[in-house]
file structure-v4.txt (compact mmCIF, C-alpha atoms)
# COMPACT_ATOMS: atom_id res chain seq x y z
CA MET A 190 -33.72 1.18 19.23
CA ASN A 191 -35.67 2.93 16.45
CA CYS A 192 -36.88 1.59 13.08
CA ARG A 193 -34.13 3.35 11.07
CA HIS A 194 -31.37 1.78 13.11
CA VAL A 195 -33.04 -1.62 12.90
CA VAL A 196 -33.55 -1.45 9.13
CA ASN A 197 -29.87 -0.56 8.60
CA SER A 198 -28.80 -3.54 10.69
CA ILE A 199 -31.25 -6.11 9.36
CA SER A 200 -28.90 -7.78 6.88
CA ALA A 201 -26.27 -8.18 9.59
CA TYR A 202 -29.01 -9.52 11.88
CA VAL A 203 -30.09 -12.06 9.24
CA ASP A 204 -26.45 -13.15 8.89
CA GLY A 205 -25.89 -13.34 12.66
CA GLU A 206 -23.06 -10.80 12.36
CA LEU A 207 -24.08 -8.58 15.30
CA THR A 208 -23.13 -8.75 18.95
CA GLY A 209 -25.40 -10.67 21.30
CA ALA A 210 -26.83 -7.49 22.80
CA GLU A 211 -27.62 -6.04 19.34
CA MET A 212 -29.23 -9.30 18.22
CA LEU A 213 -31.47 -9.28 21.29
CA ALA A 214 -32.39 -5.61 20.88
CA ILE A 215 -33.37 -6.12 17.23
CA ARG A 216 -35.30 -9.28 17.97
CA ARG A 217 -37.26 -7.40 20.64
CA HIS A 218 -37.98 -4.56 18.19
CA LEU A 219 -39.10 -6.97 15.45
CA GLY A 220 -41.58 -8.51 17.87
CA GLU A 221 -43.20 -5.11 18.31
CA CYS A 222 -42.90 -3.63 14.78
CA PRO A 223 -44.68 -5.40 11.87
CA GLU A 224 -43.05 -3.13 9.22
CA CYS A 225 -39.52 -3.96 10.33
CA MET A 226 -40.50 -7.62 10.64
CA GLU A 227 -41.73 -7.60 7.03
CA GLU A 228 -38.48 -5.92 5.89
CA CYS A 229 -36.51 -8.57 7.73
CA GLU A 230 -38.50 -11.43 6.20
CA SER A 231 -38.21 -10.08 2.66
CA LEU A 232 -34.41 -9.74 2.98
CA ARG A 233 -34.26 -13.22 4.46
CA ARG A 234 -36.16 -14.56 1.43
CA THR A 235 -33.77 -12.74 -0.92
CA LYS A 236 -30.75 -14.21 0.84
CA ARG A 237 -32.29 -17.68 0.77
CA ALA A 238 -32.95 -17.38 -2.98
CA VAL A 239 -29.26 -16.63 -3.65
CA VAL A 240 -28.08 -19.33 -1.23
CA ARG A 241 -30.22 -21.88 -3.08
CA LEU A 242 -28.79 -21.10 -6.51
CA ARG A 243 -27.62 -24.36 -8.00
CA THR A 244 -23.90 -24.98 -8.28
CA VAL A 245 -22.65 -24.50 -11.83
CA SER A 246 -20.13 -27.10 -12.94
CA PRO A 247 -17.29 -26.45 -15.37
CA ARG A 248 -16.47 -28.68 -18.32
CA ALA A 249 -14.81 -31.90 -17.29
CA ASP A 250 -11.30 -31.04 -18.51
CA LEU A 251 -11.01 -27.54 -17.06
CA ALA A 252 -8.46 -28.52 -14.40
CA ALA A 253 -6.29 -30.27 -17.02
CA CYS A 254 -6.59 -27.24 -19.27
CA ILE A 255 -5.42 -24.92 -16.46
CA VAL A 256 -2.49 -27.21 -15.65
CA ARG A 257 -1.48 -27.25 -19.33
CA LYS A 258 -1.56 -23.43 -19.38
CA LEU A 259 0.66 -23.32 -16.30
CA ASP A 260 3.35 -25.15 -18.34
CA GLN A 261 3.50 -22.13 -20.62
CA VAL A 262 3.79 -19.62 -17.80
CA SER A 263 7.30 -18.26 -17.54
CA ILE A 264 8.06 -16.28 -14.44
CA PRO A 265 10.84 -13.68 -14.97
CA PRO A 266 13.88 -14.29 -12.70
CA TYR A 267 13.48 -10.92 -10.92
CA GLN A 268 9.85 -11.72 -10.09
CA ARG A 269 10.79 -15.20 -8.88
CA ALA A 270 13.51 -13.70 -6.65
CA LEU A 271 11.13 -11.05 -5.28
CA THR A 272 8.42 -13.60 -4.65
CA GLN A 273 10.86 -15.95 -2.91
CA ALA A 274 12.27 -13.12 -0.80
CA TYR A 275 8.77 -11.99 0.13
CA GLY A 276 7.78 -15.53 0.96
CA PHE A 277 10.91 -16.05 3.07
CA VAL A 278 10.41 -12.83 5.02
CA GLY A 279 6.70 -13.47 5.39
CA ARG A 280 6.99 -17.09 6.41
CA LYS A 281 10.25 -17.40 8.31
CA LEU A 282 12.22 -14.28 8.98
CA SER A 283 9.62 -11.78 10.02
CA PRO A 284 8.49 -13.19 13.41
CA VAL A 285 12.02 -14.23 14.42
CA ALA A 286 13.66 -11.04 13.19
CA ALA A 287 11.04 -8.90 14.85
CA ALA A 288 11.41 -10.74 18.17
CA LEU A 289 15.24 -10.51 18.02
CA ALA A 290 15.19 -6.85 17.09
CA VAL A 291 12.73 -5.94 19.83
CA SER A 292 14.58 -7.89 22.57
CA GLY A 293 17.97 -6.53 21.38
CA ILE A 294 16.80 -2.96 21.59
CA ALA A 295 15.14 -3.59 24.94
CA ILE A 296 18.33 -5.11 26.42
CA ALA A 297 20.50 -2.26 25.12
CA VAL A 298 18.24 0.44 26.54
CA LEU A 299 17.69 -1.25 29.89
CA SER A 300 21.41 -2.06 30.48
CA SER A 301 22.55 1.51 29.70
CA GLY A 302 19.88 2.99 31.93
CA GLY A 303 18.58 4.92 28.99
CA GLN A 304 19.54 8.24 27.44
CA ASP A 305 18.83 10.17 30.65
CA ARG A 306 21.55 8.31 32.52
CA ILE A 307 24.11 8.98 29.79
CA LEU A 308 23.37 12.73 29.89
CA THR A 309 23.61 12.78 33.70
CA GLN A 310 26.99 11.05 33.60
CA LYS A 311 28.27 13.57 31.04
CA ALA A 312 27.15 16.51 33.22
CA GLU A 313 28.89 15.02 36.30
CA ILE A 314 32.18 14.51 34.44
CA MET A 315 32.10 18.04 33.02
CA ALA A 316 31.37 19.59 36.42
CA SER A 317 34.47 18.01 37.99
CA ALA A 318 36.76 18.87 35.04
CA PRO A 319 39.21 21.81 35.08
CA LEU A 320 37.82 25.14 33.84
CA SER A 321 40.00 25.10 30.74
CA LEU A 322 38.43 21.81 29.69
CA GLN A 323 34.96 23.10 30.43
CA LEU A 324 35.61 26.16 28.23
CA GLN A 325 36.48 23.87 25.31
CA SER A 326 32.96 22.49 25.37
CA VAL A 327 31.42 25.96 25.16
CA SER A 328 30.53 26.85 21.63
CA PHE A 329 29.93 30.45 20.58
CA VAL A 330 27.53 31.19 17.77
CA PRO A 331 28.15 34.89 17.19
CA GLN A 332 25.60 36.98 15.34
CA VAL A 333 27.66 38.29 12.44
CA PRO A 334 26.86 41.93 11.61
CA ASP A 335 26.85 43.24 8.04
CA SER A 336 30.47 44.48 8.36
CA PRO A 337 33.10 42.00 9.61
CA LEU A 338 33.66 42.14 13.38
CA MET A 339 37.37 42.24 14.24
CA TYR A 340 38.67 41.46 17.74
CA SER A 341 42.09 42.95 18.28
CA SER A 342 43.14 43.08 21.89
CA SER A 343 45.77 41.55 24.10
CA LYS A 344 43.08 40.69 26.63
CA PRO A 345 41.60 37.19 26.49
CA LEU A 346 38.14 36.97 24.96
CA VAL A 347 36.79 34.83 27.81
CA VAL A 348 37.78 35.57 31.37
CA ALA A 349 37.43 33.19 34.29
CA ASP A 350 35.47 34.74 37.11
CA HIS A 351 36.02 33.12 40.53
CA SER A 352 34.16 35.75 42.50
CA GLY A 353 30.76 34.05 42.27
CA GLY A 354 31.85 30.40 41.97
CA ASP A 355 33.26 28.69 38.91
CA SER A 356 31.93 30.74 36.04
CA PHE A 357 33.25 32.91 33.24
CA ARG A 358 32.34 36.06 31.40
CA LEU A 359 33.16 37.73 28.10
CA ALA A 360 35.90 40.33 28.10
CA ASP A 361 34.83 43.99 27.67
CA LEU A 362 34.73 44.62 23.97
CA SER A 363 34.72 47.82 22.02
CA VAL A 364 33.82 47.74 18.35
CA ARG A 365 35.64 50.17 16.15
CA MET B 159 28.42 -25.55 -4.81
CA VAL B 160 26.55 -23.43 -7.37
CA GLU B 161 25.28 -26.60 -9.06
CA PHE B 162 24.05 -27.89 -5.71
CA ALA B 163 22.18 -24.61 -5.04
CA ASP B 164 20.64 -24.76 -8.53
CA THR B 165 19.49 -28.29 -7.87
CA VAL B 166 17.90 -27.28 -4.55
CA VAL B 167 16.05 -24.40 -6.24
CA GLU B 168 14.91 -26.70 -9.03
CA VAL B 169 13.60 -29.30 -6.56
CA ALA B 170 11.75 -26.59 -4.60
CA ARG B 171 10.23 -25.27 -7.83
CA HIS B 172 9.14 -28.77 -8.79
CA GLU B 173 7.58 -29.30 -5.34
CA ASP B 174 5.72 -25.97 -5.61
CA ARG B 175 4.38 -26.96 -9.00
CA ARG B 176 3.18 -30.33 -7.74
CA GLU B 177 1.48 -28.67 -4.79
CA PHE B 178 -0.14 -26.08 -7.05
CA ASP B 179 -1.42 -28.70 -9.51
CA GLY B 180 -3.09 -30.42 -6.55
CA LEU B 181 -4.72 -27.14 -5.53
CA VAL B 182 -6.04 -26.60 -9.07
CA GLU B 183 -7.59 -30.06 -8.99
CA ARG B 184 -9.13 -29.46 -5.57
CA TYR B 185 -10.48 -25.92 -5.96
CA HIS B 186 -11.25 -25.40 -9.63
CA LYS B 187 -14.93 -26.40 -9.34
CA GLN B 188 -15.86 -24.01 -6.55
CA ALA B 189 -13.75 -21.28 -8.14
CA TYR B 190 -15.62 -21.81 -11.39
CA ASN B 191 -18.99 -21.61 -9.65
CA ILE B 192 -18.07 -18.25 -8.11
CA ALA B 193 -16.63 -17.04 -11.42
CA TYR B 194 -19.86 -18.00 -13.20
CA ARG B 195 -21.96 -16.03 -10.71
CA MET B 196 -19.71 -13.01 -11.17
CA ALA B 197 -19.41 -13.15 -14.95
CA GLY B 198 -22.84 -14.55 -15.82
CA ASN B 199 -21.80 -16.90 -18.63
CA HIS B 200 -19.65 -19.99 -19.15
CA ALA B 201 -17.06 -18.50 -21.51
CA ASP B 202 -16.20 -15.56 -19.24
CA ALA B 203 -16.36 -17.78 -16.15
CA GLU B 204 -13.80 -20.13 -17.69
CA ASP B 205 -11.47 -17.27 -18.63
CA LEU B 206 -11.82 -15.74 -15.19
CA THR B 207 -11.06 -19.04 -13.46
CA GLN B 208 -8.02 -19.70 -15.64
CA GLU B 209 -6.62 -16.23 -15.22
CA ALA B 210 -7.11 -16.32 -11.46
CA PHE B 211 -5.21 -19.63 -11.19
CA ILE B 212 -2.41 -18.43 -13.47
CA ARG B 213 -2.00 -15.22 -11.50
CA ALA B 214 -2.05 -17.23 -8.26
CA PHE B 215 0.69 -19.48 -9.67
CA ARG B 216 2.88 -16.50 -10.54
CA PHE B 217 2.68 -15.26 -6.96
CA PHE B 218 2.51 -18.65 -5.27
CA GLY B 219 5.70 -17.84 -3.36
CA GLN B 220 3.79 -15.13 -1.50
CA TYR B 221 0.99 -17.46 -0.43
CA ARG B 222 1.04 -17.98 3.34
CA ARG B 223 0.25 -21.64 3.89
CA GLU B 224 -1.50 -21.04 7.23
CA LEU B 225 -4.34 -19.23 5.39
CA PRO B 226 -7.02 -21.07 3.37
CA PHE B 227 -6.05 -21.28 -0.29
CA ASP B 228 -9.60 -20.57 -1.48
CA SER B 229 -9.70 -17.21 0.34
CA TRP B 230 -6.39 -16.22 -1.26
CA LEU B 231 -7.63 -17.37 -4.67
CA TYR B 232 -10.89 -15.41 -4.27
CA LYS B 233 -8.91 -12.30 -3.46
CA ILE B 234 -7.01 -12.72 -6.73
CA MET B 235 -10.20 -13.59 -8.62
CA SER B 236 -11.95 -10.42 -7.39
CA ASN B 237 -9.01 -8.35 -8.63
CA VAL B 238 -8.98 -10.13 -12.00
CA PHE B 239 -12.73 -9.63 -12.34
CA ILE B 240 -12.57 -5.91 -11.56
CA ASP B 241 -9.53 -5.45 -13.85
CA ARG B 242 -11.46 -7.08 -16.70
CA LEU B 243 -14.50 -4.90 -16.12
CA ARG B 244 -12.31 -1.80 -16.24
CA ARG B 245 -10.55 -2.90 -19.42
CA ARG B 246 -13.75 -3.88 -21.19
CA PRO B 247 -16.06 -1.25 -22.71
CA LYS B 248 -18.81 -0.54 -20.23
CA ALA B 249 -21.52 -3.16 -20.36
CA LYS B 250 -24.97 -1.76 -20.80
CA ILE B 251 -26.92 -2.38 -17.64
CA ARG B 252 -30.57 -2.90 -18.30
CA SER B 253 -33.43 -3.30 -15.90
CA LEU B 254 -35.46 -6.47 -16.24
CA ASP B 255 -38.56 -4.28 -16.53
CA GLN B 256 -37.14 -1.90 -19.14
CA PRO B 257 -38.57 -2.36 -22.67
CA VAL B 258 -36.14 -3.48 -25.39
CA VAL B 259 -36.12 -1.36 -28.56
CA THR B 260 -36.17 -3.48 -31.75
CA ALA B 261 -36.80 -2.79 -35.44
CA GLU B 262 -40.42 -3.71 -34.86
CA GLY B 263 -40.85 -1.37 -31.93
CA GLU B 264 -40.56 -1.81 -28.20
CA VAL B 265 -40.91 -5.27 -26.71
CA GLN B 266 -40.79 -6.30 -23.10
CA PHE B 267 -37.75 -8.23 -21.86
CA ASP B 268 -39.54 -11.28 -20.65
CA VAL B 269 -38.55 -14.41 -18.83
CA ALA B 270 -41.05 -17.20 -19.21
CA ASP B 271 -43.73 -17.29 -16.57
CA PRO B 272 -42.85 -20.13 -14.21
CA SER B 273 -46.49 -21.17 -14.01
CA GLU B 274 -46.15 -22.34 -17.63
CA GLY B 275 -43.54 -24.92 -16.61
CA PRO B 276 -45.06 -27.91 -14.89
CA GLU B 277 -41.82 -29.42 -13.57
CA ASP B 278 -40.19 -28.18 -10.41
CA ILE B 279 -36.78 -28.43 -11.93
CA VAL B 280 -37.73 -26.19 -14.81
CA LEU B 281 -39.19 -23.75 -12.33
CA SER B 282 -36.01 -23.82 -10.35
CA MET B 283 -33.84 -23.23 -13.41
CA GLU B 284 -36.00 -20.35 -14.53
CA MET B 285 -35.77 -18.81 -11.10
CA ASP B 286 -31.99 -19.32 -11.20
CA GLY B 287 -31.91 -17.42 -14.47
CA ARG B 288 -33.84 -14.53 -12.99
CA ILE B 289 -31.68 -14.34 -9.89
CA GLN B 290 -28.53 -14.51 -12.02
CA ALA B 291 -29.83 -11.72 -14.25
CA ALA B 292 -30.63 -9.63 -11.18
CA LEU B 293 -27.15 -10.30 -9.77
CA GLU B 294 -25.57 -9.13 -13.02
CA ASN B 295 -27.49 -5.88 -12.74
CA LEU B 296 -25.96 -5.08 -9.36
CA PRO B 297 -22.94 -2.75 -9.18
CA GLU B 298 -19.87 -5.01 -9.17
CA ALA B 299 -18.81 -4.26 -5.59
CA PHE B 300 -22.29 -5.22 -4.32
CA ARG B 301 -22.40 -8.26 -6.59
CA ILE B 302 -19.05 -9.61 -5.38
CA THR B 303 -20.04 -9.07 -1.75
CA VAL B 304 -23.41 -10.81 -2.13
CA ILE B 305 -21.80 -13.74 -3.97
CA TYR B 306 -19.12 -14.25 -1.31
CA ALA B 307 -21.63 -13.96 1.53
CA ASP B 308 -24.56 -15.95 0.18
CA ILE B 309 -23.03 -18.41 -2.28
CA GLU B 310 -19.64 -19.04 -0.73
CA GLY B 311 -20.83 -18.42 2.85
CA LEU B 312 -17.84 -16.28 3.88
CA SER B 313 -18.05 -14.25 7.09
CA TYR B 314 -17.96 -10.44 6.95
CA GLU B 315 -14.39 -10.54 8.20
CA GLU B 316 -13.34 -12.95 5.44
CA ILE B 317 -15.11 -10.87 2.78
CA ALA B 318 -13.35 -7.75 4.06
CA GLU B 319 -10.00 -9.57 3.68
CA VAL B 320 -10.81 -10.94 0.23
CA THR B 321 -12.06 -7.60 -1.12
CA ASN B 322 -9.43 -5.42 0.58
CA THR B 323 -11.91 -3.42 2.57
CA ASN B 324 -13.28 -3.18 6.11
CA ILE B 325 -16.18 -4.89 7.86
CA GLY B 326 -18.32 -1.72 7.91
CA THR B 327 -18.08 -1.43 4.12
CA VAL B 328 -18.92 -5.12 3.69
CA ARG B 329 -21.96 -4.71 5.92
CA SER B 330 -23.15 -1.69 3.96
CA ARG B 331 -22.52 -3.23 0.52
CA LEU B 332 -24.28 -6.43 1.46
CA HIS B 333 -27.30 -4.65 2.85
CA ARG B 334 -27.63 -2.34 -0.15
CA GLY B 335 -26.93 -5.20 -2.56
CA ARG B 336 -29.64 -7.38 -1.04
CA ARG B 337 -32.18 -4.56 -1.09
CA LEU B 338 -31.45 -3.86 -4.77
CA LEU B 339 -31.71 -7.56 -5.52
CA ARG B 340 -35.02 -7.77 -3.68
CA ASP B 341 -36.38 -4.81 -5.64
CA LYS B 342 -35.33 -6.39 -8.94
CA LEU B 343 -37.00 -9.66 -7.98
CA LYS B 344 -40.05 -8.00 -6.48
CA LYS B 345 -42.58 -9.44 -8.89
CA TYR B 346 -41.31 -12.98 -8.28
CA GLU B 347 -41.24 -12.59 -4.51
CA ASP B 348 -43.92 -15.18 -3.92
CA GLN B 349 -41.66 -17.75 -5.60
CA LEU B 350 -38.64 -16.90 -3.47
CA LEU B 351 -39.99 -18.77 -0.46
call {"tool": "encode", "arguments": {"input": "structure-v4.txt", "output": "structure tokens"}}
result
Amino acid sequence: MNCRHVVNSISAYVDGELTGAEMLAIRRHLGECPECMEECESLRRTKRAVVRLRTVSPRADLAACIVRKLDQVSIPPYQRALTQAYGFVGRKLSPVAAALAVSGIAIAVLSSGGQDRILTQKAEIMASAPLSLQLQSVSFVPQVPDSPLMYSSSKPLVVADHSGGDSFRLADLSVR
Amino acid sequence: MVEFADTVVEVARHEDRREFDGLVERYHKQAYNIAYRMAGNHADAEDLTQEAFIRAFRFFGQYRRELPFDSWLYKIMSNVFIDRLRRRPKAKIRSLDQPVVTAEGEVQFDVADPSEGPEDIVLSMEMDGRIQAALENLPEAFRITVIYADIEGLSYEEIAEVTNTNIGTVRSRLHRGRRLLRDKLKKYEDQLL
């Protein structure tokens, strides 16, 4: 530990606000470094001087005077309501509500097996459904060219293709 | 039913008021002492104490009873103090060593030499005056931190809570505040023992 580090930590050392290891390291350094020791002692004297300042007493009727002033304080209804709501949430509702909310969410997620399980179930159902039903779930997002694209043919737009398993392909299109 | 609810609210309000009056009675002296060290004179200390209690009363519903009332009050008092400093025209900060310009020329701002006073109590009061003057010359954030640490004996964690900052900032402000204070009191250092 060098002098610069020690000097920056001396107030905290004087106040006992360092960890045990830091306190020991600084104490060891102070034993070997008269300059840092002098810095430490002068800050200790300064602290002691402030600690020893006498207590200043108020006039005898200050408390009564404050209480009298409180009689004149009118708290607007909206502020009273806000303060009461804040106090209620802070004092009563917050820990209970947080615990209930957390356990409720945890139970819901754990009992459903999570989002992954829902997606898996959906995929299984769709795989066993007839092809016509599967086609209904396919959504086309065509790229619309500048001029409108017209499809006029007696052939179906989507054709089932059983040659390579259950799949489908677009019909052959010719744009005019 | 509405009348019953109104009565319950009224009783709760009355109970709050009784509790708060008791807190005023219990804490006003230590609050005043802190206010005096912040403000530096009796008139401002009294105003600061009163305003802090009135503001605390307005927001008493937000006070969490598991925390010490004095810490909560100090938090409010720090805010009131800083608000007042901001509202007020900037006070002229003068070094104790800086000469004062008068119609008759420059004179030295002088506090009586303690060796002139034979009684210990006089010595002590003079030293108090010097330390108070030096405290008032500190930047307000340093002053508040030194007062809470060395007069009220709060821990760094408590000061961080009261002043809405973190422990690192408290540590830095306290260290810099004490060093400034030491420099201002340098020529009286032999009496600080």
call {"tool": "closest_atom_pairs", "arguments": {"input": "structure-v4.txt", "of": "chain B", "to": "chain A", "cutoff": "7 Å", "atoms": "all atoms listed in the file", "output": "JSON lines"}}
result
{"residue": "B:Asp179", "atom": "CA", "partner": "A:Val256", "partner_atom": "CA", "distance": 6.4}
{"residue": "B:Val182", "atom": "CA", "partner": "A:Ala252", "partner_atom": "CA", "distance": 6.2}
{"residue": "B:Glu183", "atom": "CA", "partner": "A:Ala252", "partner_atom": "CA", "distance": 5.7}
{"residue": "B:His186", "atom": "CA", "partner": "A:Ala252", "partner_atom": "CA", "distance": 6.3}
{"residue": "B:Lys187", "atom": "CA", "partner": "A:Ser246", "partner_atom": "CA", "distance": 6.4}
{"residue": "B:Tyr190", "atom": "CA", "partner": "A:Pro247", "partner_atom": "CA", "distance": 6.3}
{"residue": "B:Asn191", "atom": "CA", "partner": "A:Val245", "partner_atom": "CA", "distance": 5.1}
{"residue": "B:Gln208", "atom": "CA", "partner": "A:Ile255", "partner_atom": "CA", "distance": 5.9}
{"residue": "B:Ile212", "atom": "CA", "partner": "A:Leu259", "partner_atom": "CA", "distance": 6.4}
{"residue": "B:Arg216", "atom": "CA", "partner": "A:Ile264", "partner_atom": "CA", "distance": 6.5}
{"residue": "B:Phe217", "atom": "CA", "partner": "A:Thr272", "partner_atom": "CA", "distance": 6.4}
{"residue": "B:Gly219", "atom": "CA", "partner": "A:Thr272", "partner_atom": "CA", "distance": 5.2}
{"residue": "B:Gln220", "atom": "CA", "partner": "A:Gly276", "partner_atom": "CA", "distance": 4.7}
{"residue": "B:Arg222", "atom": "CA", "partner": "A:Arg280", "partner_atom": "CA", "distance": 6.8}
{"residue": "B:Asp286", "atom": "CA", "partner": "A:Leu242", "partner_atom": "CA", "distance": 6.0}
{"residue": "B:Asp308", "atom": "CA", "partner": "A:Val240", "partner_atom": "CA", "distance": 5.1}
{"residue": "B:Ile309", "atom": "CA", "partner": "A:Val240", "partner_atom": "CA", "distance": 5.2}
{"residue": "B:Arg329", "atom": "CA", "partner": "A:Ala201", "partner_atom": "CA", "distance": 6.6}
{"residue": "B:His333", "atom": "CA", "partner": "A:Ser200", "partner_atom": "CA", "distance": 5.3}
{"residue": "B:Arg336", "atom": "CA", "partner": "A:Leu232", "partner_atom": "CA", "distance": 6.7}
{"residue": "B:Arg337", "atom": "CA", "partner": "A:Leu232", "partner_atom": "CA", "distance": 7.0}
{"residue": "B:Arg340", "atom": "CA", "partner": "A:Thr235", "partner_atom": "CA", "distance": 5.8}
{"residue": "B:Leu350", "atom": "CA", "partner": "A:Ala238", "partner_atom": "CA", "distance": 5.7}
{"residue": "B:Leu351", "atom": "CA", "partner": "A:Arg234", "partner_atom": "CA", "distance": 6.0}
call {"tool": "atom_distance", "arguments": {"input": "structure-v4.txt", "atom1": "CA of His172 in chain B", "atom2": "CA of Asp250 in chain A"}}
result
22.7 Å
call {"tool": "atom_distance", "arguments": {"input": "structure-v4.txt", "atom1": "CA of Glu227 in chain A", "atom2": "CA of Val203 in chain A"}}
result
12.7 Å
call {"tool": "closest_residue", "arguments": {"input": "structure-v4.txt", "among": "B:Tyr306, B:Leu343, B:Tyr232, B:His200", "to": "Ala291 in chain B", "atoms": "all atoms listed in the file"}}
result
B:Leu343
call {"tool": "residues_around", "arguments": {"input": "structure-v4.txt", "residues": "Glu294 in chain B", "least_positions_apart": "5", "cutoff": "9 Å", "atoms": "all atoms listed in the file", "output": "VMD selection string"}}
result
chain B and resid 195 to 198 251 289 301
call {"tool": "atom_distance", "arguments": {"input": "structure-v4.txt", "atom1": "CA of Cys225 in chain A", "atom2": "CA of Glu310 in chain B"}}
result
27.3 Å
call {"tool": "residues_around", "arguments": {"input": "structure-v4.txt", "residues": "Met190 in chain A", "least_positions_apart": "6", "cutoff": "8 Å", "atoms": "all atoms listed in the file", "output": "PyMOL selection string"}}
result
chain A and resi 214-215+218
call {"tool": "closest_residue", "arguments": {"input": "structure-v4.txt", "among": "B:Gln188, B:Ser282, B:Ser236, B:Asn199", "to": "Val320 in chain B", "atoms": "all atoms listed in the file"}}
result
B:Ser236
call {"tool": "residues_around", "arguments": {"input": "structure-v4.txt", "residues": "Thr303 in chain B", "least_positions_apart": "4", "cutoff": "8 Å", "atoms": "all atoms listed in the file", "output": "list in words"}}
result
Ala299, Ala307, Ile317, Val328, Arg331, Leu332 and Gly335 of chain B
call {"tool": "residues_around", "arguments": {"input": "structure-v4.txt", "residues": "Gly326 in chain B", "least_positions_apart": "6", "cutoff": "10 Å", "atoms": "all atoms listed in the file", "output": "PyMOL selection string"}}
result
chain B and resi 314-315+318+332
call {"tool": "build_atoms", "arguments": {"input": "structure-v4.txt", "residues": "range 178-193 of chain B", "atoms": "N, CA and C atoms", "output": "PDB file, in the coordinates of the input"}}
result
ATOM      1  N   PHE B 178       0.832 -26.967  -6.392  1.00  0.00           N
ATOM      2  CA  PHE B 178      -0.140 -26.080  -7.050  1.00  0.00           C
ATOM      3  C   PHE B 178      -1.086 -26.873  -7.939  1.00  0.00           C
ATOM      4  N   ASP B 179      -0.555 -27.864  -8.661  1.00  0.00           N
ATOM      5  CA  ASP B 179      -1.420 -28.700  -9.510  1.00  0.00           C
ATOM      6  C   ASP B 179      -2.502 -29.370  -8.659  1.00  0.00           C
ATOM      7  N   GLY B 180      -2.120 -29.796  -7.462  1.00  0.00           N
ATOM      8  CA  GLY B 180      -3.090 -30.420  -6.550  1.00  0.00           C
ATOM      9  C   GLY B 180      -4.167 -29.425  -6.133  1.00  0.00           C
ATOM     10  N   LEU B 181      -3.753 -28.178  -5.920  1.00  0.00           N
ATOM     11  CA  LEU B 181      -4.720 -27.140  -5.530  1.00  0.00           C
ATOM     12  C   LEU B 181      -5.684 -26.815  -6.674  1.00  0.00           C
ATOM     13  N   VAL B 182      -5.168 -26.828  -7.899  1.00  0.00           N
ATOM     14  CA  VAL B 182      -6.040 -26.600  -9.070  1.00  0.00           C
ATOM     15  C   VAL B 182      -7.110 -27.686  -9.109  1.00  0.00           C
ATOM     16  N   GLU B 183      -6.664 -28.921  -8.955  1.00  0.00           N
ATOM     17  CA  GLU B 183      -7.590 -30.060  -8.990  1.00  0.00           C
ATOM     18  C   GLU B 183      -8.661 -29.923  -7.897  1.00  0.00           C
ATOM     19  N   ARG B 184      -8.222 -29.501  -6.731  1.00  0.00           N
ATOM     20  CA  ARG B 184      -9.130 -29.460  -5.570  1.00  0.00           C
ATOM     21  C   ARG B 184     -10.109 -28.279  -5.611  1.00  0.00           C
ATOM     22  N   TYR B 185      -9.651 -27.134  -6.102  1.00  0.00           N
ATOM     23  CA  TYR B 185     -10.480 -25.920  -5.960  1.00  0.00           C
ATOM     24  C   TYR B 185     -11.099 -25.406  -7.256  1.00  0.00           C
ATOM     25  N   HIS B 186     -10.803 -26.024  -8.380  1.00  0.00           N
ATOM     26  CA  HIS B 186     -11.250 -25.400  -9.630  1.00  0.00           C
ATOM     27  C   HIS B 186     -12.776 -25.365  -9.768  1.00  0.00           C
ATOM     28  N   LYS B 187     -13.469 -26.370  -9.180  1.00  0.00           N
ATOM     29  CA  LYS B 187     -14.930 -26.400  -9.340  1.00  0.00           C
ATOM     30  C   LYS B 187     -15.603 -25.264  -8.565  1.00  0.00           C
ATOM     31  N   GLN B 188     -15.206 -25.088  -7.315  1.00  0.00           N
ATOM     32  CA  GLN B 188     -15.860 -24.010  -6.550  1.00  0.00           C
ATOM     33  C   GLN B 188     -15.432 -22.644  -7.071  1.00  0.00           C
ATOM     34  N   ALA B 189     -14.201 -22.547  -7.544  1.00  0.00           N
ATOM     35  CA  ALA B 189     -13.750 -21.280  -8.140  1.00  0.00           C
ATOM     36  C   ALA B 189     -14.581 -20.965  -9.385  1.00  0.00           C
ATOM     37  N   TYR B 190     -14.848 -22.008 -10.163  1.00  0.00           N
ATOM     38  CA  TYR B 190     -15.620 -21.810 -11.390  1.00  0.00           C
ATOM     39  C   TYR B 190     -17.044 -21.359 -11.073  1.00  0.00           C
ATOM     40  N   ASN B 191     -17.621 -21.971 -10.035  1.00  0.00           N
ATOM     41  CA  ASN B 191     -18.990 -21.610  -9.650  1.00  0.00           C
ATOM     42  C   ASN B 191     -19.082 -20.121  -9.282  1.00  0.00           C
ATOM     43  N   ILE B 192     -18.105 -19.666  -8.499  1.00  0.00           N
ATOM     44  CA  ILE B 192     -18.070 -18.250  -8.110  1.00  0.00           C
ATOM     45  C   ILE B 192     -17.856 -17.375  -9.347  1.00  0.00           C
ATOM     46  N   ALA B 193     -16.932 -17.817 -10.209  1.00  0.00           N
ATOM     47  CA  ALA B 193     -16.630 -17.040 -11.420  1.00  0.00           C
ATOM     48  C   ALA B 193     -17.880 -16.928 -12.297  1.00  0.00           C
TER      49      ALA B 193
END
